[in-house]
>>> print(open('data.cif').read())   # mmCIF, C-alpha atoms
data_input
#
loop_
_atom_site.group_PDB
_atom_site.id
_atom_site.type_symbol
_atom_site.label_atom_id
_atom_site.label_comp_id
_atom_site.auth_asym_id
_atom_site.auth_seq_id
_atom_site.Cartn_x
_atom_site.Cartn_y
_atom_site.Cartn_z
ATOM 1 C CA MET A 1 205.852 150.709 110.249
ATOM 2 C CA HIS A 2 207.386 150.235 106.822
ATOM 3 C CA SER A 3 211.089 149.902 106.024
ATOM 4 C CA GLU A 4 213.118 152.260 103.865
ATOM 5 C CA ARG A 5 213.059 149.611 101.123
ATOM 6 C CA TYR A 6 209.251 149.505 101.179
ATOM 7 C CA ALA A 7 209.096 153.312 101.200
ATOM 8 C CA ALA A 8 211.407 153.431 98.151
ATOM 9 C CA ALA A 9 209.251 150.821 96.389
ATOM 10 C CA TYR A 10 206.075 152.753 97.174
ATOM 11 C CA GLU A 11 207.599 156.023 95.942
ATOM 12 C CA TYR A 12 208.749 154.341 92.716
ATOM 13 C CA ALA A 13 205.337 152.743 92.057
ATOM 14 C CA ALA A 14 203.521 156.001 92.867
ATOM 15 C CA ARG A 15 205.771 157.922 90.477
ATOM 16 C CA LYS A 16 205.286 155.377 87.678
ATOM 17 C CA HIS A 17 201.477 155.319 88.146
ATOM 18 C CA GLU A 18 201.273 159.134 88.386
ATOM 19 C CA GLY A 19 198.430 160.486 86.269
ATOM 20 C CA GLN A 20 196.609 157.121 86.242
ATOM 21 C CA TYR A 21 193.270 156.770 88.032
ATOM 22 C CA ARG A 22 190.946 153.990 89.140
ATOM 23 C CA LYS A 23 187.405 153.720 87.742
ATOM 24 C CA GLY A 24 186.169 155.485 90.890
ATOM 25 C CA GLY A 25 188.519 158.426 90.324
ATOM 26 C CA GLU A 26 191.134 157.663 93.022
ATOM 27 C CA PRO A 27 194.835 157.837 92.112
ATOM 28 C CA TYR A 28 195.838 154.409 90.746
ATOM 29 C CA ILE A 29 198.509 153.852 93.442
ATOM 30 C CA THR A 30 195.690 153.340 95.965
ATOM 31 C CA HIS A 31 195.050 149.905 94.402
ATOM 32 C CA PRO A 32 198.556 148.371 94.605
ATOM 33 C CA ALA A 33 198.937 149.939 98.067
ATOM 34 C CA ALA A 34 195.663 148.305 99.183
ATOM 35 C CA ALA A 35 196.791 144.926 97.805
ATOM 36 C CA ALA A 36 200.101 145.325 99.687
ATOM 37 C CA GLU A 37 198.178 146.168 102.870
ATOM 38 C CA ILE A 38 196.003 143.038 102.501
ATOM 39 C CA LEU A 39 199.195 140.973 102.331
ATOM 40 C CA ARG A 40 200.816 142.831 105.260
ATOM 41 C CA SER A 41 197.729 142.257 107.394
ATOM 42 C CA ARG A 42 198.006 138.520 106.670
ATOM 43 C CA GLY A 43 201.638 138.354 107.740
ATOM 44 C CA TYR A 44 203.264 138.157 104.312
ATOM 45 C CA ASN A 45 206.805 139.509 104.190
ATOM 46 C CA GLU A 46 208.044 142.651 102.534
ATOM 47 C CA ASP A 47 208.902 140.946 99.222
ATOM 48 C CA TYR A 48 205.225 139.999 98.847
ATOM 49 C CA GLN A 49 204.141 143.532 99.726
ATOM 50 C CA ILE A 50 206.576 145.096 97.259
ATOM 51 C CA THR A 51 205.416 142.694 94.557
ATOM 52 C CA ALA A 52 201.875 143.943 95.234
ATOM 53 C CA LEU A 53 203.062 147.551 94.868
ATOM 54 C CA PHE A 54 204.728 146.621 91.565
ATOM 55 C CA HIS A 55 202.200 144.127 90.147
ATOM 56 C CA ASP A 56 200.815 146.422 87.414
ATOM 57 C CA LEU A 57 203.992 148.340 86.564
ATOM 58 C CA LEU A 58 205.150 146.337 83.536
ATOM 59 C CA GLU A 59 201.631 146.172 82.115
ATOM 60 C CA ASP A 60 200.538 149.773 82.699
ATOM 61 C CA THR A 61 203.639 152.002 82.895
ATOM 62 C CA ASP A 62 207.074 152.525 81.364
ATOM 63 C CA ALA A 63 208.781 150.830 84.332
ATOM 64 C CA ALA A 64 211.803 148.748 83.381
ATOM 65 C CA GLU A 65 212.517 145.223 84.605
ATOM 66 C CA GLN A 66 215.989 146.384 85.692
ATOM 67 C CA GLU A 67 214.480 149.100 87.925
ATOM 68 C CA ILE A 68 212.025 146.638 89.482
ATOM 69 C CA GLU A 69 214.838 144.191 90.174
ATOM 70 C CA ALA A 70 217.098 146.914 91.598
ATOM 71 C CA ILE A 71 214.446 147.872 94.166
ATOM 72 C CA GLY A 72 212.688 144.554 94.759
ATOM 73 C CA GLY A 73 215.188 141.864 93.865
ATOM 74 C CA LYS A 74 215.067 138.840 91.546
ATOM 75 C CA ASP A 75 212.140 137.090 93.268
ATOM 76 C CA VAL A 76 209.967 140.213 93.130
ATOM 77 C CA LEU A 77 210.779 140.721 89.437
ATOM 78 C CA LYS A 78 209.971 137.062 88.684
ATOM 79 C CA ALA A 79 206.567 137.353 90.386
ATOM 80 C CA VAL A 80 205.792 140.708 88.701
ATOM 81 C CA LYS A 81 206.598 139.193 85.308
ATOM 82 C CA LEU A 82 204.244 136.282 86.014
ATOM 83 C CA LEU A 83 201.500 138.758 86.976
ATOM 84 C CA THR A 84 201.965 140.742 83.759
ATOM 85 C CA LYS A 85 199.635 139.844 80.910
ATOM 86 C CA GLN A 86 201.648 139.640 77.706
ATOM 87 C CA LYS A 87 200.160 140.612 74.355
ATOM 88 C CA GLY A 88 198.179 137.643 73.028
ATOM 89 C CA TYR A 89 198.341 135.806 76.362
ATOM 90 C CA VAL A 90 196.326 132.631 76.943
ATOM 91 C CA MET A 91 194.365 132.883 80.201
ATOM 92 C CA SER A 92 194.934 129.249 81.245
ATOM 93 C CA GLU A 93 198.708 129.653 80.804
ATOM 94 C CA TYR A 94 198.681 133.024 82.593
ATOM 95 C CA VAL A 95 196.852 131.582 85.619
ATOM 96 C CA ALA A 96 199.026 128.429 85.642
ATOM 97 C CA GLY A 97 202.150 130.614 85.704
ATOM 98 C CA ILE A 98 200.803 132.590 88.656
ATOM 99 C CA LYS A 99 199.906 129.387 90.507
ATOM 100 C CA SER A 100 203.485 128.124 89.990
ATOM 101 C CA ASP A 101 204.899 130.920 92.172
ATOM 102 C CA PRO A 102 203.728 131.393 95.788
ATOM 103 C CA MET A 103 204.448 135.133 95.749
ATOM 104 C CA ALA A 104 202.617 135.763 92.454
ATOM 105 C CA TYR A 105 199.720 133.620 93.712
ATOM 106 C CA ALA A 106 199.335 135.528 96.993
ATOM 107 C CA VAL A 107 199.603 138.903 95.235
ATOM 108 C CA LYS A 108 197.014 137.919 92.605
ATOM 109 C CA ALA A 109 194.663 136.856 95.405
ATOM 110 C CA ALA A 110 195.053 140.248 97.137
ATOM 111 C CA ASP A 111 194.750 142.079 93.793
ATOM 112 C CA ARG A 112 191.556 140.248 92.837
ATOM 113 C CA LEU A 113 190.058 140.636 96.315
ATOM 114 C CA HIS A 114 190.666 144.390 96.358
ATOM 115 C CA ASN A 115 189.295 144.775 92.833
ATOM 116 C CA LEU A 116 186.152 142.814 93.723
ATOM 117 C CA ARG A 117 185.611 144.948 96.826
ATOM 118 C CA SER A 118 186.118 148.213 94.946
ATOM 119 C CA ALA A 119 184.387 147.392 91.633
ATOM 120 C CA VAL A 120 181.022 148.739 92.810
ATOM 121 C CA CYS A 121 181.927 152.067 91.178
ATOM 122 C CA ALA A 122 182.454 150.407 87.769
ATOM 123 C CA ASP A 123 179.618 150.123 85.258
ATOM 124 C CA GLU A 124 177.356 147.081 85.336
ATOM 125 C CA SER A 125 178.861 145.536 82.213
ATOM 126 C CA PHE A 126 182.364 145.624 83.736
ATOM 127 C CA ARG A 127 181.145 144.215 87.065
ATOM 128 C CA ARG A 128 179.369 141.357 85.271
ATOM 129 C CA ARG A 129 182.470 140.474 83.193
ATOM 130 C CA TYR A 130 184.685 140.703 86.275
ATOM 131 C CA ILE A 131 182.442 138.332 88.235
ATOM 132 C CA VAL A 132 182.370 135.808 85.372
ATOM 133 C CA GLU A 133 186.167 135.930 84.999
ATOM 134 C CA THR A 134 186.604 135.491 88.753
ATOM 135 C CA LEU A 135 184.194 132.532 88.819
ATOM 136 C CA GLU A 136 186.100 130.873 86.005
ATOM 137 C CA TRP A 137 189.681 131.470 87.138
ATOM 138 C CA TYR A 138 190.158 132.882 90.653
ATOM 139 C CA MET A 139 187.653 131.447 93.158
ATOM 140 C CA ASP A 140 190.295 129.235 94.813
ATOM 141 C CA PHE A 141 192.893 132.003 95.228
ATOM 142 C CA SER A 142 191.590 133.205 98.600
ATOM 143 C CA PRO A 143 188.823 132.161 101.020
ATOM 144 C CA GLU A 144 187.428 135.730 100.888
ATOM 145 C CA ILE A 145 186.985 135.796 97.121
ATOM 146 C CA PRO A 146 183.709 133.801 96.959
ATOM 147 C CA GLU A 147 182.098 136.181 99.492
ATOM 148 C CA ALA A 148 183.382 139.244 97.618
ATOM 149 C CA VAL A 149 181.953 137.817 94.367
ATOM 150 C CA LYS A 150 178.607 137.251 96.071
ATOM 151 C CA LYS A 151 178.516 140.852 97.363
ATOM 152 C CA LEU A 152 179.475 142.324 93.992
ATOM 153 C CA ASN A 153 176.889 140.111 92.262
ATOM 154 C CA GLU A 154 174.216 141.592 94.555
ATOM 155 C CA THR A 155 174.946 145.038 93.055
ATOM 156 C CA LEU A 156 173.832 143.903 89.581
ATOM 157 C CA THR A 157 170.303 144.817 88.435
ATOM 158 C CA GLU A 158 169.960 141.198 87.298
ATOM 159 C CA PRO A 159 172.367 139.155 89.457
ATOM 160 C CA LEU A 160 174.038 136.120 87.916
ATOM 161 C CA ASN A 161 172.880 132.721 89.154
ATOM 162 C CA ILE A 162 176.086 131.713 90.981
ATOM 163 C CA GLU A 163 174.891 129.425 93.750
#
>>> encode(input="data.cif", output="structure tokens")
Amino acid sequence: MHSERYAAAYEYAARKHEGQYRKGGEPYITHPAAAAEILRSRGYNEDYQITALFHDLLEDTDAAEQEIEAIGGKDVLKAVKLLTKQKGYVMSEYVAGIKSDPMAYAVKAADRLHNLRSAVCADESFRRRYIVETLEWYMDFSPEIPEAVKKLNETLTEPLNIE
């Protein structure tokens, strides 16, 4: 059962992502909610789950940092900011920032895992790029990621040689 705070966070994220859809056609909120559920199922506390709900807000919506902080608190805002790709970002610096914060790190692991598991509906070119990016930057974020990469790779007409 979720708290009132989580329910308020979910409602806020759902409202901000309204009208946005995943590649498979589902409402976008299904992705941050799935990442939050991965974290909940692993025993992470509500701050981690709310960060998962909020992880794409600054990048993909008109959400304000002040609103995120008002609902989630300073630690949630800090992690969300680390998870937000800034214009002209450098991937190595982006990943290092995420790794510097346990909450951002756990949320990125859940985010990447859910995206790998649900990317089968994306076109082959996207799946290929996503696998390569994961191999380069995210394999050590979660023990399930290598298996998810392997399964997604098997959906390619010409799988990458990733052994």
>>> residues_around(input="data.cif", residues="A:Arg42", least_positions_apart="4", cutoff="12 Å", atoms="only C-alpha atoms", output="NGL selection string")
:A and (35-38 or 46 or 48-49 or 106-107 or 109-110 or 142)
>>> residues_near_point(input="data.cif", point="(203.5, 143.2, 102.3)", cutoff="12 Å", atoms="all atoms listed in the file", output="ChimeraX atom specification")
/A:1-3,5-7,9-10,32-54,72,76,103,106-107,110
>>> residues_around(input="data.cif", residues="A:Met139", least_positions_apart="3", cutoff="12 Å", atoms="all atoms listed in the file", output="list in words")
Val95, Lys108, Ala109, Arg112, Leu113, Leu116, Tyr130, Ile131, Val132, Glu133, Thr134, Leu135, Glu136, Ser142, Pro143, Glu144, Ile145, Pro146, Glu147, Ala148, Val149, Lys150 and Ile162 of chain A
>>> atom_distance(input="data.cif", atom1="atom CA of A:Tyr105", atom2="atom CA of A:Phe141")
7.2 Å
>>> residues_around(input="data.cif", residues="A:Tyr94", least_positions_apart="3", cutoff="12 Å", atoms="all atoms listed in the file", output="list in words")
Ala79, Lys81, Leu82, Leu83, Thr84, Lys85, Gln86, Lys87, Gly88, Tyr89, Val90, Met91, Gly97, Ile98, Lys99, Ser100, Asp101, Ala104, Tyr105, Lys108, Trp137 and Tyr138 of chain A
>>> closest_residue(input="data.cif", among="A:His114, A:Glu26, A:Glu93, A:Tyr12", to="A:Glu67", atoms="only C-alpha atoms")
A:Tyr12
>>> residues_around(input="data.cif", residues="A:Gln20", least_positions_apart="2", cutoff="12 Å", atoms="all atoms listed in the file", output="list in words")
Ala13, Ala14, Arg15, Lys16, His17, Glu18, Arg22, Lys23, Gly24, Gly25, Glu26, Pro27, Tyr28, Ile29, Thr30, His31, Asp56, Leu57, Asp60 and Thr61 of chain A
>>> atom_distance(input="data.cif", atom1="atom CA of A:Ile71", atom2="atom CA of A:Glu11")
10.8 Å
>>> residues_around(input="data.cif", residues="A:Leu156", least_positions_apart="6", cutoff="12 Å", atoms="only C-alpha atoms", output="MDAnalysis selection string")
chainID A and resid 119:131 149:150
>>> atom_distance(input="data.cif", atom1="atom CA of A:Ser118", atom2="atom CA of A:Glu154")
13.6 Å
>>> decode(input="data.cif", residues="stretch 139-150 of chain A", atoms="N, CA and C atoms", output="PDB file, in the first residue's frame")
ATOM      1  N   MET A 139      26.247  -1.647 -17.567  1.00  0.00           N
ATOM      2  CA  MET A 139      26.219  -3.082 -17.246  1.00  0.00           C
ATOM      3  C   MET A 139      26.368  -3.360 -15.745  1.00  0.00           C
ATOM      4  N   ASP A 140      27.095  -2.505 -15.040  1.00  0.00           N
ATOM      5  CA  ASP A 140      27.360  -2.751 -13.613  1.00  0.00           C
ATOM      6  C   ASP A 140      26.313  -2.102 -12.698  1.00  0.00           C
ATOM      7  N   PHE A 141      25.252  -1.544 -13.247  1.00  0.00           N
ATOM      8  CA  PHE A 141      24.260  -0.867 -12.418  1.00  0.00           C
ATOM      9  C   PHE A 141      23.340  -1.844 -11.693  1.00  0.00           C
ATOM     10  N   SER A 142      23.136  -3.021 -12.238  1.00  0.00           N
ATOM     11  CA  SER A 142      22.229  -3.995 -11.638  1.00  0.00           C
ATOM     12  C   SER A 142      22.593  -5.381 -12.151  1.00  0.00           C
ATOM     13  N   PRO A 143      22.499  -6.408 -11.295  1.00  0.00           N
ATOM     14  CA  PRO A 143      22.819  -7.769 -11.754  1.00  0.00           C
ATOM     15  C   PRO A 143      21.884  -8.269 -12.862  1.00  0.00           C
ATOM     16  N   GLU A 144      20.678  -7.687 -12.965  1.00  0.00           N
ATOM     17  CA  GLU A 144      19.732  -8.133 -13.999  1.00  0.00           C
ATOM     18  C   GLU A 144      19.992  -7.514 -15.364  1.00  0.00           C
ATOM     19  N   ILE A 145      20.751  -6.453 -15.409  1.00  0.00           N
ATOM     20  CA  ILE A 145      20.963  -5.749 -16.680  1.00  0.00           C
ATOM     21  C   ILE A 145      21.658  -6.617 -17.728  1.00  0.00           C
ATOM     22  N   PRO A 146      22.735  -7.334 -17.409  1.00  0.00           N
ATOM     23  CA  PRO A 146      23.358  -8.170 -18.453  1.00  0.00           C
ATOM     24  C   PRO A 146      22.381  -9.178 -19.081  1.00  0.00           C
ATOM     25  N   GLU A 147      21.526  -9.785 -18.274  1.00  0.00           N
ATOM     26  CA  GLU A 147      20.544 -10.747 -18.802  1.00  0.00           C
ATOM     27  C   GLU A 147      19.511 -10.044 -19.679  1.00  0.00           C
ATOM     28  N   ALA A 148      19.073  -8.859 -19.267  1.00  0.00           N
ATOM     29  CA  ALA A 148      18.106  -8.099 -20.062  1.00  0.00           C
ATOM     30  C   ALA A 148      18.716  -7.677 -21.401  1.00  0.00           C
ATOM     31  N   VAL A 149      20.001  -7.318 -21.390  1.00  0.00           N
ATOM     32  CA  VAL A 149      20.707  -6.971 -22.633  1.00  0.00           C
ATOM     33  C   VAL A 149      20.753  -8.185 -23.547  1.00  0.00           C
ATOM     34  N   LYS A 150      21.081  -9.321 -22.972  1.00  0.00           N
ATOM     35  CA  LYS A 150      21.169 -10.567 -23.763  1.00  0.00           C
ATOM     36  C   LYS A 150      19.819 -10.867 -24.425  1.00  0.00           C
TER      37      LYS A 150
END
